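All remarks here apply to the structure that follows.
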Amino acid sequence: MPELPEVETIKRGLDATIIGQRIVDLEILLPKMFIGDPANVIGSVVENISRKGKLLVIDIRNDKNEASGDINDEFSIMIHLKMTGQLIFKSQTLEAFAGGHPIPPLNTPVPNKSTKVIFQFESGDILYFNDLRTFGYVKVVLRKLVSEELFVKSLGVEPFGGDFTATKLNELIEKRKNMNIKAFLLDQKYIAGLGNIYTDEALFFAGVLPTRLVGSLNHGERQLLYESILSVLEKGINLQGASKTSYVNLAGKLGTFMSDVAVYQRTGKPCICCGRPIEKIKHVGRGTHFCSFCQK
DNA sequence: TGCCCCCTGCAG
DNA sequence: CTGCAGGGGGCA
């Protein structure tokens with residue numbers, strides 16, 4: 001489910017809520033979803049949160065032995081939400097959210113049937129990892145080994161990492177001329193973070209049909225695609241993500257990107273540009289939405 | 001590079 | 001009831 005904007009929204013929520021907090025207990029309700037040693041988590045303090053594509057990385061320090069500075073006390077919790085993962089934060093302290101706003105009531109009661117891992121903090125705050133389809137995971141590794149993880153190593157350029165430029169996109173395109181453009185955008189090893197929603201949206205705003213081959217894009221289309229990728233992702237972040245069914249932010253609330261979408265799941269509805277009906281096909285194994293008039 | 005699979009729930 | 005769902009790994 002969550003793509004870059006959804007994970008980024010959660011990342012920002014975690015920044016405002018769990019940094020500096022000590023994890024005092026861990027409840028694992030579905031063992032296959034937790035990889036690693038819980039002992040490396042319990043008793044540790046959250047130091048930093050980051051995002052790599054759609055992967056969330058929570059850096060923790062396990063300072064139980066007072067051996068501060070020892071790199072072997074530094075672990076990371078990697079969380080991948082895959083299709084239906086959720087992280088929901090229940091605070092005991094009203095000021096926990098950024099800006100000093102009061103905690104809104106949870107839209108998604110927790111724990112519930114899909115709760116798989118529960119992080120209990122010293123403050124009494126609780127972080128719930130839910131995953132209905134159980135495709136996601138929580139994985140604990142030594143922090144210095146995160147970059148050695150196969151999934152992390154295979155990630156391509158980060159759209160907001162500074163090195164994603166029009167030139168960079170062009171280089172990637174030149175490398176993969178015969179690949180289908182939608183498959184190319186979905187493949188995390190080229191650009192990290194795009195999923196089905198934002199791919200369809202970016203292609204629409206670039207005026208490019210999802211069935212095109214990468215190499216067939218002319219200079220102008222490449223430039224427009226570059227700008228479209230960034231703008232749909234930014235819009236997604238600004239609207240707190242896209243919520244179709246299962247995505248919610250930390251407070252269990254729905255994002256609003258879906259109400260602003262141009263083509264994704266708007267099959268049969270009028271194109272926002274020309275008014276002709278949006279079409280849907282199955283392409284690259286995914287539902288694919290587009291306007292055959294506005295996209296060439 | 002394409003297909004199947006991991007799962008569960010819900011729309012059609 | 002079948003098919004489909006925002007991800008990605010493993011297999012040919």
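We name chains A, B, ... following the order of the structure tokens; residues begin at 1 in each chain, and ligands are numbered from 1 as shown.
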
| message | Write out as a PyMOL selection string the set of residues from stretch 86-280 of chain A that DSSP, computed on the backbone, places in helix (DSSP H, G or I). | response | chain A and resi 94-96+98-100+143-148+150-153+166-175+181-186+196-206+214-216+219-238+257-260

| request: Counting only C-alpha atoms (C1' of nucleotides), collect the residues of chain A whose closest atom lies at most 7 Å from chain C, and write them out as a ChimeraX atom specification. | output: /A:1-3,82-83,195-197

| field | Distance filter 7 Å, only C-alpha atoms (C1' of nucleotides), chain B against chain A, as a list of chain:residue names | value |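 Contact residues on the first chain: B:DC6, B:DC7, B:DT8.
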
| query | Between atom CA of A:Arg222 and atom CA of A:Phe293, what is the distance, to one decimal in Å? | reply | 18.7 Å

| request: Determine, counting only C-alpha atoms (C1' of nucleotides), which protein, DNA and RNA residues have an atom within 7 Å of an atom of stretch 74-81 of chain A; residues of the same chain fewer than 5 positions away are not included. Present the result as a VMD selection string. | output: chain A and resid 2 54 to 62 86 136 to 143

For the residues selected in the previous step, produce a file with N, CA and C atoms as a short mmCIF file (atom, residue, chain, number, x, y, z; two decimals), in the first residue's frame.
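Output file out37.cif is given in full below:
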```cif
data_model
loop_
_atom_site.label_atom_id
_atom_site.label_comp_id
_atom_site.auth_asym_id
_atom_site.auth_seq_id
_atom_site.Cartn_x
_atom_site.Cartn_y
_atom_site.Cartn_z
N PRO A 2 1.51 1.54 1.05
CA PRO A 2 2.10 2.87 1.12
C PRO A 2 3.23 3.01 0.13
N LYS A 54 10.52 3.16 0.18
CA LYS A 54 9.32 2.89 0.98
C LYS A 54 9.67 2.20 2.29
N LEU A 55 10.95 2.11 2.59
CA LEU A 55 11.38 1.45 3.83
C LEU A 55 11.61 2.48 4.93
N LEU A 56 11.10 2.15 6.10
CA LEU A 56 11.27 3.01 7.26
C LEU A 56 12.39 2.44 8.12
N VAL A 57 13.30 3.31 8.56
CA VAL A 57 14.42 2.84 9.38
C VAL A 57 14.45 3.62 10.70
N ILE A 58 14.30 2.91 11.78
CA ILE A 58 14.31 3.53 13.11
C ILE A 58 15.62 3.15 13.80
N ASP A 59 16.48 4.13 13.99
CA ASP A 59 17.75 3.86 14.67
C ASP A 59 17.55 3.87 16.18
N ILE A 60 18.04 2.83 16.81
CA ILE A 60 17.91 2.76 18.26
C ILE A 60 19.28 2.47 18.88
N ARG A 61 19.44 2.90 20.13
CA ARG A 61 20.67 2.59 20.86
C ARG A 61 20.31 1.79 22.09
N ASN A 62 20.97 0.65 22.19
CA ASN A 62 20.71 -0.22 23.32
C ASN A 62 21.80 0.02 24.35
N GLN A 86 0.46 -0.76 8.61
CA GLN A 86 0.11 0.52 9.25
C GLN A 86 0.96 0.67 10.50
N GLY A 136 4.19 -7.34 5.12
CA GLY A 136 5.24 -6.45 5.64
C GLY A 136 6.13 -7.14 6.65
N TYR A 137 7.07 -6.38 7.20
CA TYR A 137 7.94 -6.96 8.22
C TYR A 137 8.56 -5.89 9.10
N VAL A 138 8.97 -6.35 10.27
CA VAL A 138 9.80 -5.55 11.17
C VAL A 138 11.09 -6.33 11.31
N LYS A 139 12.20 -5.69 11.01
CA LYS A 139 13.47 -6.42 11.03
C LYS A 139 14.52 -5.63 11.80
N VAL A 140 15.15 -6.28 12.74
CA VAL A 140 16.16 -5.61 13.57
C VAL A 140 17.55 -6.08 13.17
N VAL A 141 18.39 -5.12 12.81
CA VAL A 141 19.77 -5.47 12.45
C VAL A 141 20.73 -4.45 13.06
N LEU A 142 21.99 -4.81 13.15
CA LEU A 142 23.01 -3.85 13.57
C LEU A 142 22.95 -2.66 12.61
N ARG A 143 22.99 -1.47 13.18
CA ARG A 143 22.83 -0.28 12.36
C ARG A 143 23.82 -0.21 11.21
#
```

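A straight line drawn from atom CA of A:Ile71 to atom CA of A:Ile42 is 16.9 Å long.
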
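Residues of stretch 2-40 of chain A that DSSP places in strand (DSSP E or B), based on the backbone of this structure, are Arg22, Ile23, Val24, Asp25, Leu26, Glu27, Ile28, Phe34 and Ile35 of chain A.
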
Selection file, all heavy atoms, as a PDB file, in the first residue's frame:
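The resulting file, part_29.pdb, is reproduced below:
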```pdb
ATOM      1  N   ARG A  22      12.232   5.621  25.161  1.00  0.00           N
ATOM      2  CA  ARG A  22      12.796   4.303  25.427  1.00  0.00           C
ATOM      3  C   ARG A  22      11.728   3.220  25.237  1.00  0.00           C
ATOM      4  O   ARG A  22      10.609   3.336  25.741  1.00  0.00           O
ATOM      5  CB  ARG A  22      13.345   4.229  26.849  1.00  0.00           C
ATOM      6  CG  ARG A  22      14.023   2.882  27.167  1.00  0.00           C
ATOM      7  CD  ARG A  22      14.521   2.828  28.601  1.00  0.00           C
ATOM      8  NE  ARG A  22      15.458   3.888  28.904  1.00  0.00           N
ATOM      9  CZ  ARG A  22      16.775   3.850  28.648  1.00  0.00           C
ATOM     10  NH1 ARG A  22      17.298   2.772  28.089  1.00  0.00           N
ATOM     11  NH2 ARG A  22      17.546   4.862  28.959  1.00  0.00           N
ATOM     12  N   ILE A  23      12.113   2.206  24.500  1.00  0.00           N
ATOM     13  CA  ILE A  23      11.220   1.058  24.292  1.00  0.00           C
ATOM     14  C   ILE A  23      11.415   0.104  25.465  1.00  0.00           C
ATOM     15  O   ILE A  23      12.522  -0.383  25.682  1.00  0.00           O
ATOM     16  CB  ILE A  23      11.557   0.336  22.969  1.00  0.00           C
ATOM     17  CG1 ILE A  23      11.433   1.308  21.790  1.00  0.00           C
ATOM     18  CG2 ILE A  23      10.648  -0.882  22.780  1.00  0.00           C
ATOM     19  CD1 ILE A  23      12.038   0.798  20.489  1.00  0.00           C
ATOM     20  N   VAL A  24      10.360  -0.145  26.200  1.00  0.00           N
ATOM     21  CA  VAL A  24      10.503  -1.016  27.369  1.00  0.00           C
ATOM     22  C   VAL A  24       9.917  -2.406  27.167  1.00  0.00           C
ATOM     23  O   VAL A  24      10.218  -3.327  27.904  1.00  0.00           O
ATOM     24  CB  VAL A  24       9.882  -0.386  28.643  1.00  0.00           C
ATOM     25  CG1 VAL A  24      10.708   0.818  29.080  1.00  0.00           C
ATOM     26  CG2 VAL A  24       8.437   0.010  28.408  1.00  0.00           C
ATOM     27  N   ASP A  25       9.089  -2.525  26.138  1.00  0.00           N
ATOM     28  CA  ASP A  25       8.558  -3.872  25.903  1.00  0.00           C
ATOM     29  C   ASP A  25       8.123  -4.024  24.457  1.00  0.00           C
ATOM     30  O   ASP A  25       7.854  -3.048  23.752  1.00  0.00           O
ATOM     31  CB  ASP A  25       7.376  -4.168  26.835  1.00  0.00           C
ATOM     32  CG  ASP A  25       7.094  -5.673  26.916  1.00  0.00           C
ATOM     33  OD1 ASP A  25       7.979  -6.470  26.534  1.00  0.00           O
ATOM     34  OD2 ASP A  25       5.988  -6.034  27.350  1.00  0.00           O
ATOM     35  N   LEU A  26       8.107  -5.259  24.043  1.00  0.00           N
ATOM     36  CA  LEU A  26       7.808  -5.591  22.660  1.00  0.00           C
ATOM     37  C   LEU A  26       6.878  -6.783  22.688  1.00  0.00           C
ATOM     38  O   LEU A  26       7.135  -7.780  23.347  1.00  0.00           O
ATOM     39  CB  LEU A  26       9.126  -5.998  21.994  1.00  0.00           C
ATOM     40  CG  LEU A  26       9.250  -5.923  20.508  1.00  0.00           C
ATOM     41  CD1 LEU A  26       8.902  -4.527  20.009  1.00  0.00           C
ATOM     42  CD2 LEU A  26      10.690  -6.239  20.122  1.00  0.00           C
ATOM     43  N   GLU A  27       5.778  -6.674  21.950  1.00  0.00           N
ATOM     44  CA  GLU A  27       4.862  -7.796  21.888  1.00  0.00           C
ATOM     45  C   GLU A  27       4.775  -8.239  20.435  1.00  0.00           C
ATOM     46  O   GLU A  27       4.407  -7.448  19.567  1.00  0.00           O
ATOM     47  CB  GLU A  27       3.487  -7.363  22.403  1.00  0.00           C
ATOM     48  CG  GLU A  27       2.683  -8.477  23.016  1.00  0.00           C
ATOM     49  CD  GLU A  27       1.416  -7.945  23.655  1.00  0.00           C
ATOM     50  OE1 GLU A  27       1.450  -6.858  24.274  1.00  0.00           O
ATOM     51  OE2 GLU A  27       0.372  -8.611  23.505  1.00  0.00           O
ATOM     52  N   ILE A  28       5.126  -9.480  20.196  1.00  0.00           N
ATOM     53  CA  ILE A  28       5.114  -9.991  18.823  1.00  0.00           C
ATOM     54  C   ILE A  28       3.968 -10.970  18.683  1.00  0.00           C
ATOM     55  O   ILE A  28       3.987 -12.061  19.238  1.00  0.00           O
ATOM     56  CB  ILE A  28       6.455 -10.664  18.486  1.00  0.00           C
ATOM     57  CG1 ILE A  28       7.586  -9.639  18.619  1.00  0.00           C
ATOM     58  CG2 ILE A  28       6.415 -11.252  17.086  1.00  0.00           C
ATOM     59  CD1 ILE A  28       8.959 -10.249  18.657  1.00  0.00           C
ATOM     60  N   PHE A  34       8.348 -10.579  12.473  1.00  0.00           N
ATOM     61  CA  PHE A  34       9.428  -9.943  13.226  1.00  0.00           C
ATOM     62  C   PHE A  34      10.703 -10.741  13.039  1.00  0.00           C
ATOM     63  O   PHE A  34      10.817 -11.877  13.467  1.00  0.00           O
ATOM     64  CB  PHE A  34       9.067  -9.857  14.712  1.00  0.00           C
ATOM     65  CG  PHE A  34      10.044  -9.039  15.503  1.00  0.00           C
ATOM     66  CD1 PHE A  34       9.793  -7.689  15.762  1.00  0.00           C
ATOM     67  CD2 PHE A  34      11.218  -9.601  15.970  1.00  0.00           C
ATOM     68  CE1 PHE A  34      10.706  -6.934  16.486  1.00  0.00           C
ATOM     69  CE2 PHE A  34      12.143  -8.838  16.692  1.00  0.00           C
ATOM     70  CZ  PHE A  34      11.878  -7.498  16.949  1.00  0.00           C
ATOM     71  N   ILE A  35      11.672 -10.112  12.390  1.00  0.00           N
ATOM     72  CA  ILE A  35      12.935 -10.786  12.123  1.00  0.00           C
ATOM     73  C   ILE A  35      14.009 -10.135  12.991  1.00  0.00           C
ATOM     74  O   ILE A  35      14.141  -8.910  12.996  1.00  0.00           O
ATOM     75  CB  ILE A  35      13.308 -10.659  10.625  1.00  0.00           C
ATOM     76  CG1 ILE A  35      12.153 -11.184   9.770  1.00  0.00           C
ATOM     77  CG2 ILE A  35      14.601 -11.396  10.328  1.00  0.00           C
ATOM     78  CD1 ILE A  35      12.038 -10.541   8.414  1.00  0.00           C
TER      79      ILE A  35
END
```
